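Enquirer: File entry28.txt follows (compact mmCIF, C-alpha atoms):
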# COMPACT_ATOMS: atom_id res chain seq x y z
CA LYS J 196 147.21 117.70 66.75
CA ASN J 197 143.59 118.51 67.44
CA GLU J 198 143.08 121.27 69.98
CA LEU J 199 140.93 120.51 72.99
CA SER J 200 137.63 122.33 73.02
CA LEU J 201 135.88 123.62 76.11
CA ASP J 202 132.50 122.83 74.51
CA LEU J 203 131.79 119.50 76.15
CA ASN J 204 128.43 118.40 74.82
CA PHE J 205 127.53 115.65 77.22
CA ILE J 206 124.26 113.80 76.78
CA LYS J 207 122.59 113.53 80.16
CA SER J 208 121.21 110.10 80.94
CA ASN J 209 118.03 110.33 82.99
CA ARG J 210 117.19 107.34 85.14
CA GLN J 211 113.59 106.30 84.77
CA GLN J 212 111.54 107.11 87.84
CA LYS J 213 110.41 104.02 89.73
CA LEU J 214 106.80 103.57 90.70
CA PRO J 215 106.42 103.98 94.47
CA VAL J 216 105.38 101.09 96.70
CA VAL J 217 101.79 101.71 97.82
CA LEU J 218 99.69 99.81 100.35
CA THR J 219 96.03 99.01 99.83
CA GLN J 220 93.64 100.40 102.43
CA THR J 221 93.21 96.86 103.79
CA GLU J 222 96.99 96.59 104.20
CA VAL J 223 97.08 99.99 105.94
CA SER J 224 94.48 98.75 108.44
CA LEU J 225 96.52 95.60 109.07
CA PHE J 226 99.66 97.69 109.46
CA PHE J 227 98.15 99.90 112.17
CA ARG J 228 96.74 96.92 114.04
CA ASN J 229 100.30 95.62 114.38
CA ILE J 230 102.38 98.71 115.16
CA ASN J 231 103.56 99.32 118.72
CA LYS J 232 101.90 101.91 120.95
CA ARG J 233 104.98 104.17 121.11
CA HIS J 234 105.09 104.73 117.35
CA TYR J 235 101.38 104.49 116.49
CA LEU J 236 100.71 108.25 116.50
CA ILE J 237 103.73 109.34 114.46
CA ALA J 238 103.06 106.60 111.88
CA SER J 239 99.44 107.79 111.76
CA LEU J 240 100.65 111.26 110.77
CA LEU J 241 102.87 109.82 108.03
CA TYR J 242 99.82 108.15 106.47
CA GLY J 243 97.07 110.51 107.64
CA SER J 244 98.83 113.76 106.67
CA GLY J 245 101.34 112.57 104.07
CA LEU J 246 104.38 113.74 106.02
CA ARG J 247 107.99 112.88 105.34
CA LEU J 248 109.58 111.11 108.30
CA MET J 249 111.88 114.00 109.24
CA GLU J 250 108.98 116.45 108.99
CA ALA J 251 107.03 114.34 111.48
CA VAL J 252 109.81 113.97 114.06
CA LYS J 253 110.49 117.73 113.98
CA ILE J 254 106.91 118.87 114.62
CA ARG J 255 106.63 121.26 117.57
CA VAL J 256 103.58 121.48 119.84
CA HIS J 257 102.44 124.80 118.36
CA ASP J 258 102.47 123.38 114.83
CA ILE J 259 99.24 121.51 115.57
CA ASP J 260 96.13 123.60 114.84
CA PHE J 261 93.22 121.86 116.53
CA ASP J 262 90.68 124.52 115.49
CA TYR J 263 91.32 124.25 111.76
CA LYS J 264 92.42 120.59 111.93
CA ASN J 265 95.76 121.02 110.22
CA ILE J 266 99.49 120.85 110.84
CA ARG J 267 101.94 123.58 109.89
CA ILE J 268 105.17 122.31 108.37
CA TRP J 269 108.02 124.85 108.47
CA ASN J 270 111.20 125.14 106.40
CA ARG J 271 111.32 121.55 105.30
CA LYS J 272 112.51 120.20 101.94
CA GLY J 273 113.44 123.17 99.71
CA ASN J 274 112.92 125.55 102.67
CA LYS J 275 109.19 125.62 101.93
CA ASN J 276 106.35 125.99 104.40
CA ARG J 277 102.97 124.30 103.96
CA ILE J 278 99.79 123.35 105.76
CA VAL J 279 98.62 119.72 105.70
CA THR J 280 95.39 118.06 106.75
CA LEU J 281 94.91 116.53 110.18
CA ALA J 282 92.61 113.55 110.71
CA GLU J 283 90.02 114.46 113.35
CA GLU J 284 90.27 110.93 114.76
CA LEU J 285 93.86 111.64 115.88
CA ILE J 286 93.00 114.75 117.93
CA PRO J 287 92.42 112.94 121.28
CA MET J 288 95.75 111.12 120.89
CA LEU J 289 97.52 114.36 120.02
CA ARG J 290 96.10 116.09 123.10
CA ASN J 291 97.34 113.21 125.25
CA GLN J 292 100.73 113.41 123.56
CA ILE J 293 101.00 117.11 124.44
CA ILE J 294 100.20 116.27 128.08
CA GLN J 295 103.14 113.83 128.03
CA VAL J 296 105.38 116.50 126.47
CA ASP J 297 104.40 118.88 129.28
CA GLU J 298 105.24 116.23 131.89
CA TYR J 299 108.72 115.89 130.37
CA LEU J 300 109.09 119.67 130.33
CA GLN J 301 108.10 120.10 133.98
CA LEU J 302 110.65 117.43 134.90
CA ASP J 303 113.36 119.09 132.79
CA LEU J 304 112.71 122.53 134.27
CA LYS J 305 113.69 121.16 137.69
CA ASN J 306 117.08 120.27 136.24
CA ASP J 307 119.50 123.20 136.61
CA ALA J 308 121.56 121.92 133.67
CA TYR J 309 118.61 121.92 131.28
CA ALA J 310 119.13 124.57 128.58
CA GLY J 311 115.76 124.28 126.86
CA VAL J 312 114.81 122.79 123.51
CA TRP J 313 116.94 123.59 120.45
CA MET J 314 115.77 126.72 118.61
CA PRO J 315 116.78 128.04 115.18
CA TYR J 316 119.43 130.74 115.68
CA ARG J 317 117.29 133.77 114.74
CA LEU J 318 114.36 132.62 116.87
CA SER J 319 116.62 131.89 119.83
CA LYS J 320 117.69 135.55 119.72
CA LYS J 321 114.19 136.92 119.09
CA TYR J 322 112.45 134.77 121.71
CA PRO J 323 115.13 133.96 124.32
CA SER J 324 112.71 132.30 126.78
CA ALA J 325 110.65 130.33 124.23
CA ASN J 326 112.97 127.31 124.42
CA LYS J 327 111.49 126.46 127.82
CA SER J 328 107.84 127.00 126.85
CA LEU J 329 105.49 124.10 126.07
CA GLN J 330 104.56 125.47 122.65
CA TRP J 331 108.12 125.16 121.33
CA GLN J 332 108.83 121.63 122.57
CA PHE J 333 109.05 118.79 120.06
CA LEU J 334 105.77 116.89 119.82
CA PHE J 335 107.69 113.60 119.81
CA PRO J 336 110.48 114.11 122.35
CA SER J 337 113.30 111.71 123.05
CA HIS J 338 112.88 109.72 126.27
CA LYS J 339 116.28 110.91 127.48
CA LEU J 340 118.25 114.15 127.61
CA SER J 341 121.27 114.65 125.37
CA THR J 342 124.21 117.01 124.90
CA ASP J 343 123.97 119.59 122.12
CA PRO J 344 127.06 118.87 119.94
CA GLU J 345 127.42 122.56 119.01
CA THR J 346 127.16 124.16 122.44
CA GLY J 347 127.62 121.30 124.90
CA GLU J 348 124.33 122.26 126.58
CA ILE J 349 121.82 119.71 127.90
CA ARG J 350 118.63 119.51 125.84
CA ARG J 351 115.75 117.14 125.05
CA HIS J 352 115.84 116.47 121.34
CA HIS J 353 113.14 114.87 119.19
CA LEU J 354 112.50 111.16 118.77
CA ASP J 355 115.19 109.29 116.83
CA HIS J 356 113.97 108.64 113.27
CA SER J 357 115.73 105.27 113.15
CA GLY J 358 113.36 103.94 115.82
CA VAL J 359 110.39 104.85 113.64
CA ARG J 360 111.93 103.07 110.66
CA LYS J 361 112.43 99.91 112.71
CA ALA J 362 108.88 100.07 114.06
CA VAL J 363 107.43 100.44 110.54
CA LYS J 364 109.46 97.49 109.29
CA LEU J 365 108.45 95.31 112.23
CA SER J 366 104.78 96.25 111.92
CA SER J 367 104.66 95.34 108.22
CA ALA J 368 106.33 92.00 109.00
CA ARG J 369 103.81 91.24 111.76
CA ALA J 370 100.97 92.17 109.41
CA GLN J 371 102.49 89.81 106.81
CA ILE J 372 102.49 92.52 104.15
CA ASN J 373 104.54 91.16 101.28
CA LYS J 374 105.94 94.55 100.22
CA HIS J 375 109.01 96.61 101.12
CA VAL J 376 107.36 99.00 103.57
CA THR J 377 109.16 102.11 104.84
CA PRO J 378 107.91 105.40 106.37
CA GLN J 379 107.91 106.81 102.82
CA THR J 380 105.50 104.03 101.80
CA LEU J 381 102.91 105.51 104.18
CA ARG J 382 103.33 108.91 102.50
CA HIS J 383 102.99 107.30 99.06
CA SER J 384 99.84 105.52 100.22
CA PHE J 385 98.39 108.81 101.53
CA ALA J 386 98.81 110.44 98.11
CA THR J 387 97.47 107.48 96.14
CA HIS J 388 94.43 107.03 98.39
CA LEU J 389 93.68 110.76 98.18
CA LEU J 390 93.60 110.54 94.39
CA GLN J 391 91.51 107.37 94.59
CA SER J 392 88.94 109.22 96.68
CA GLY J 393 88.60 111.90 93.98
CA ALA J 394 91.00 114.60 95.22
CA ASP J 395 92.37 116.97 92.59
CA ILE J 396 96.03 116.39 91.72
CA ARG J 397 96.86 120.03 92.55
CA THR J 398 95.43 119.50 96.04
CA VAL J 399 97.61 116.41 96.49
CA GLN J 400 100.63 118.35 95.19
CA THR J 401 100.06 121.07 97.82
CA GLN J 402 99.61 118.54 100.62
CA LEU J 403 102.83 116.74 99.73
CA GLY J 404 104.82 119.96 99.22
CA HIS J 405 105.93 119.13 95.67
CA SER J 406 107.29 122.09 93.66
CA ASP J 407 106.31 120.51 90.34
CA VAL J 408 103.02 118.73 89.66
CA ARG J 409 104.94 116.27 87.48
CA THR J 410 106.42 114.82 90.66
CA THR J 411 102.90 114.25 91.99
CA GLN J 412 101.74 112.65 88.73
CA ILE J 413 103.73 109.50 89.55
CA TYR J 414 100.79 108.54 91.79
CA THR J 415 98.38 108.67 88.87
CA HIS J 416 100.64 106.13 87.15
CA VAL J 417 100.24 103.85 90.16
CA LEU J 418 96.45 104.04 89.82
CA GLN J 419 96.66 103.28 86.11
CA GLN J 420 98.46 99.99 86.67
CA GLY J 421 96.62 96.72 86.10
CA ALA J 422 92.90 96.57 86.74
CA ASN J 423 92.76 100.21 87.84
CA GLY J 424 93.50 101.44 84.35
CA VAL J 425 93.17 98.67 81.76
CA ILE J 426 90.89 95.65 81.60
CA SER J 427 92.89 92.58 80.64
CA PRO J 428 91.72 90.82 77.46
CA PHE J 429 91.85 87.60 79.49
CA SER J 430 88.92 88.95 81.48
CA ARG J 431 86.83 89.11 78.30
CA LEU J 432 87.23 85.43 77.43
Kindly present the structure from the file in structure tokens form.
Expert:
Amino acid sequence: KNELSLDLNFIKSNRQQKLPVVLTQTEVSLFFRNINKRHYLIASLLYGSGLRLMEAVKIRVHDIDFDYKNIRIWNRKGNKNRIVTLAEELIPMLRNQIIQVDEYLQLDLKNDAYAGVWMPYRLSKKYPSANKSLQWQFLFPSHKLSTDPETGEIRRHHLDHSGVRKAVKLSSARAQINKHVTPQTLRHSFATHLLQSGADIRTVQTQLGHSDVRTTQIYTHVLQQGANGVISPFSRL
């Protein structure tokens, strides 16, 4: 009998990376003309700043830097922090959004059961009163209060991400965009359009928060498809 060996030399099968779905700038314009008012701003940050959906819904008021026109993203994928660009055109809408957040907060503070916004454990100990300050509130708050499943306390959480997904899907349908459009599609479009405008791939890598530039290079493959990279011989007939 042959003895079993512990040296198991498996050959890893790597699935080929799919090219991301990317909208043209014309399609992006159509998309934003058809999205509802409630989700317009958050979708604008997905495309305008290249954010992941969960990064966008978890933005706090103090993460917006109006002076330097950027957004600070904390402890997101891979526990990395980064700074992303902020379109100047969105600043008036963001200021109005913060006014709405403050209106919610003032209403909540009159509620004796309100325990303040959720804070990471260490920060809740370090800054015990920050959970009821405007700066720490979620930029996109839920329209209703909810019970914290861990503590049973009453809080106002951030906007439900599923609502954003539905709004993006509905907007693309209304715009008659014949592509599978998701919140991630807006992030893909941000990266591709940055490269199209002449941005360095390392800059795009930093904006997206990719650890490896090879992940970012998938967008250069998108640009190399079809007429963007190769002239068809049919065109020379």
Enquirer: Counting all atoms listed in the file, which of J:Val279, J:Leu289, J:Leu365, J:Ile372 gets nearest to Leu236 of chain J?
Expert: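 Between J:Val279, J:Leu289, J:Leu365, J:Ile372, the residue approaching Leu236 of chain J most closely is J:Leu289.
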Enquirer: From the options J:Arg277, J:Lys321, J:Lys232, J:Val223, which residue's atoms come nearest to His405 of chain J, counting all atoms listed in the file?
Expert: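 Checking each candidate against His405 of chain J, we get J:Arg277 as the closest.
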Enquirer: Give the answer as one residue: which of J:Leu418, J:Met314, J:Leu241, J:Leu300 has the shortest atom-to-atom distance to Ala282 of chain J, using all atoms listed in the file?
Expert: J:Leu241
Enquirer: Separation of atom CA of Lys253 of chain J and atom CA of Trp269 of chain J, in Å?
Expert: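 Atom-to-atom, atom CA of Lys253 of chain J and atom CA of Trp269 of chain J are spaced 9.3 Å apart.
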Enquirer: Check the smallest atom-to-atom distance from each of J:Ser224, J:Thr346, J:Thr415, J:Ser366 to Val399 of chain J using all atoms listed in the file, then report the winner.
Expert: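 Among J:Ser224, J:Thr346, J:Thr415, J:Ser366, it is J:Thr415 that comes nearest to Val399 of chain J.
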Enquirer: Excluding same-chain residues fewer than 4 positions from Ser337 of chain J, what lies within 6 Å of it counting all atoms listed in the file, as a PyMOL selection string?
Expert: chain J and resi 352-354
Enquirer: Give me the residues within 10 Å of Asp297 of chain J as a PDB file with C-alpha atoms, in the frame of the given file, counting only C-alpha atoms and dropping any in the same chain fewer than 3 places off.
Expert:
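Listed below is the output, out-v9.pdb:
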ATOM      1  CA  VAL J 256     103.580 121.480 119.840  1.00  0.00           C
ATOM      2  CA  ASN J 291      97.340 113.210 125.250  1.00  0.00           C
ATOM      3  CA  GLN J 292     100.730 113.410 123.560  1.00  0.00           C
ATOM      4  CA  ILE J 293     101.000 117.110 124.440  1.00  0.00           C
ATOM      5  CA  ILE J 294     100.200 116.270 128.080  1.00  0.00           C
ATOM      6  CA  LEU J 300     109.090 119.670 130.330  1.00  0.00           C
ATOM      7  CA  GLN J 301     108.100 120.100 133.980  1.00  0.00           C
ATOM      8  CA  LEU J 302     110.650 117.430 134.900  1.00  0.00           C
ATOM      9  CA  ASP J 303     113.360 119.090 132.790  1.00  0.00           C
ATOM     10  CA  SER J 328     107.840 127.000 126.850  1.00  0.00           C
ATOM     11  CA  LEU J 329     105.490 124.100 126.070  1.00  0.00           C
ATOM     12  CA  GLN J 330     104.560 125.470 122.650  1.00  0.00           C
ATOM     13  CA  GLN J 332     108.830 121.630 122.570  1.00  0.00           C
ATOM     14  CA  LEU J 334     105.770 116.890 119.820  1.00  0.00           C
TER      15      LEU J 334
END
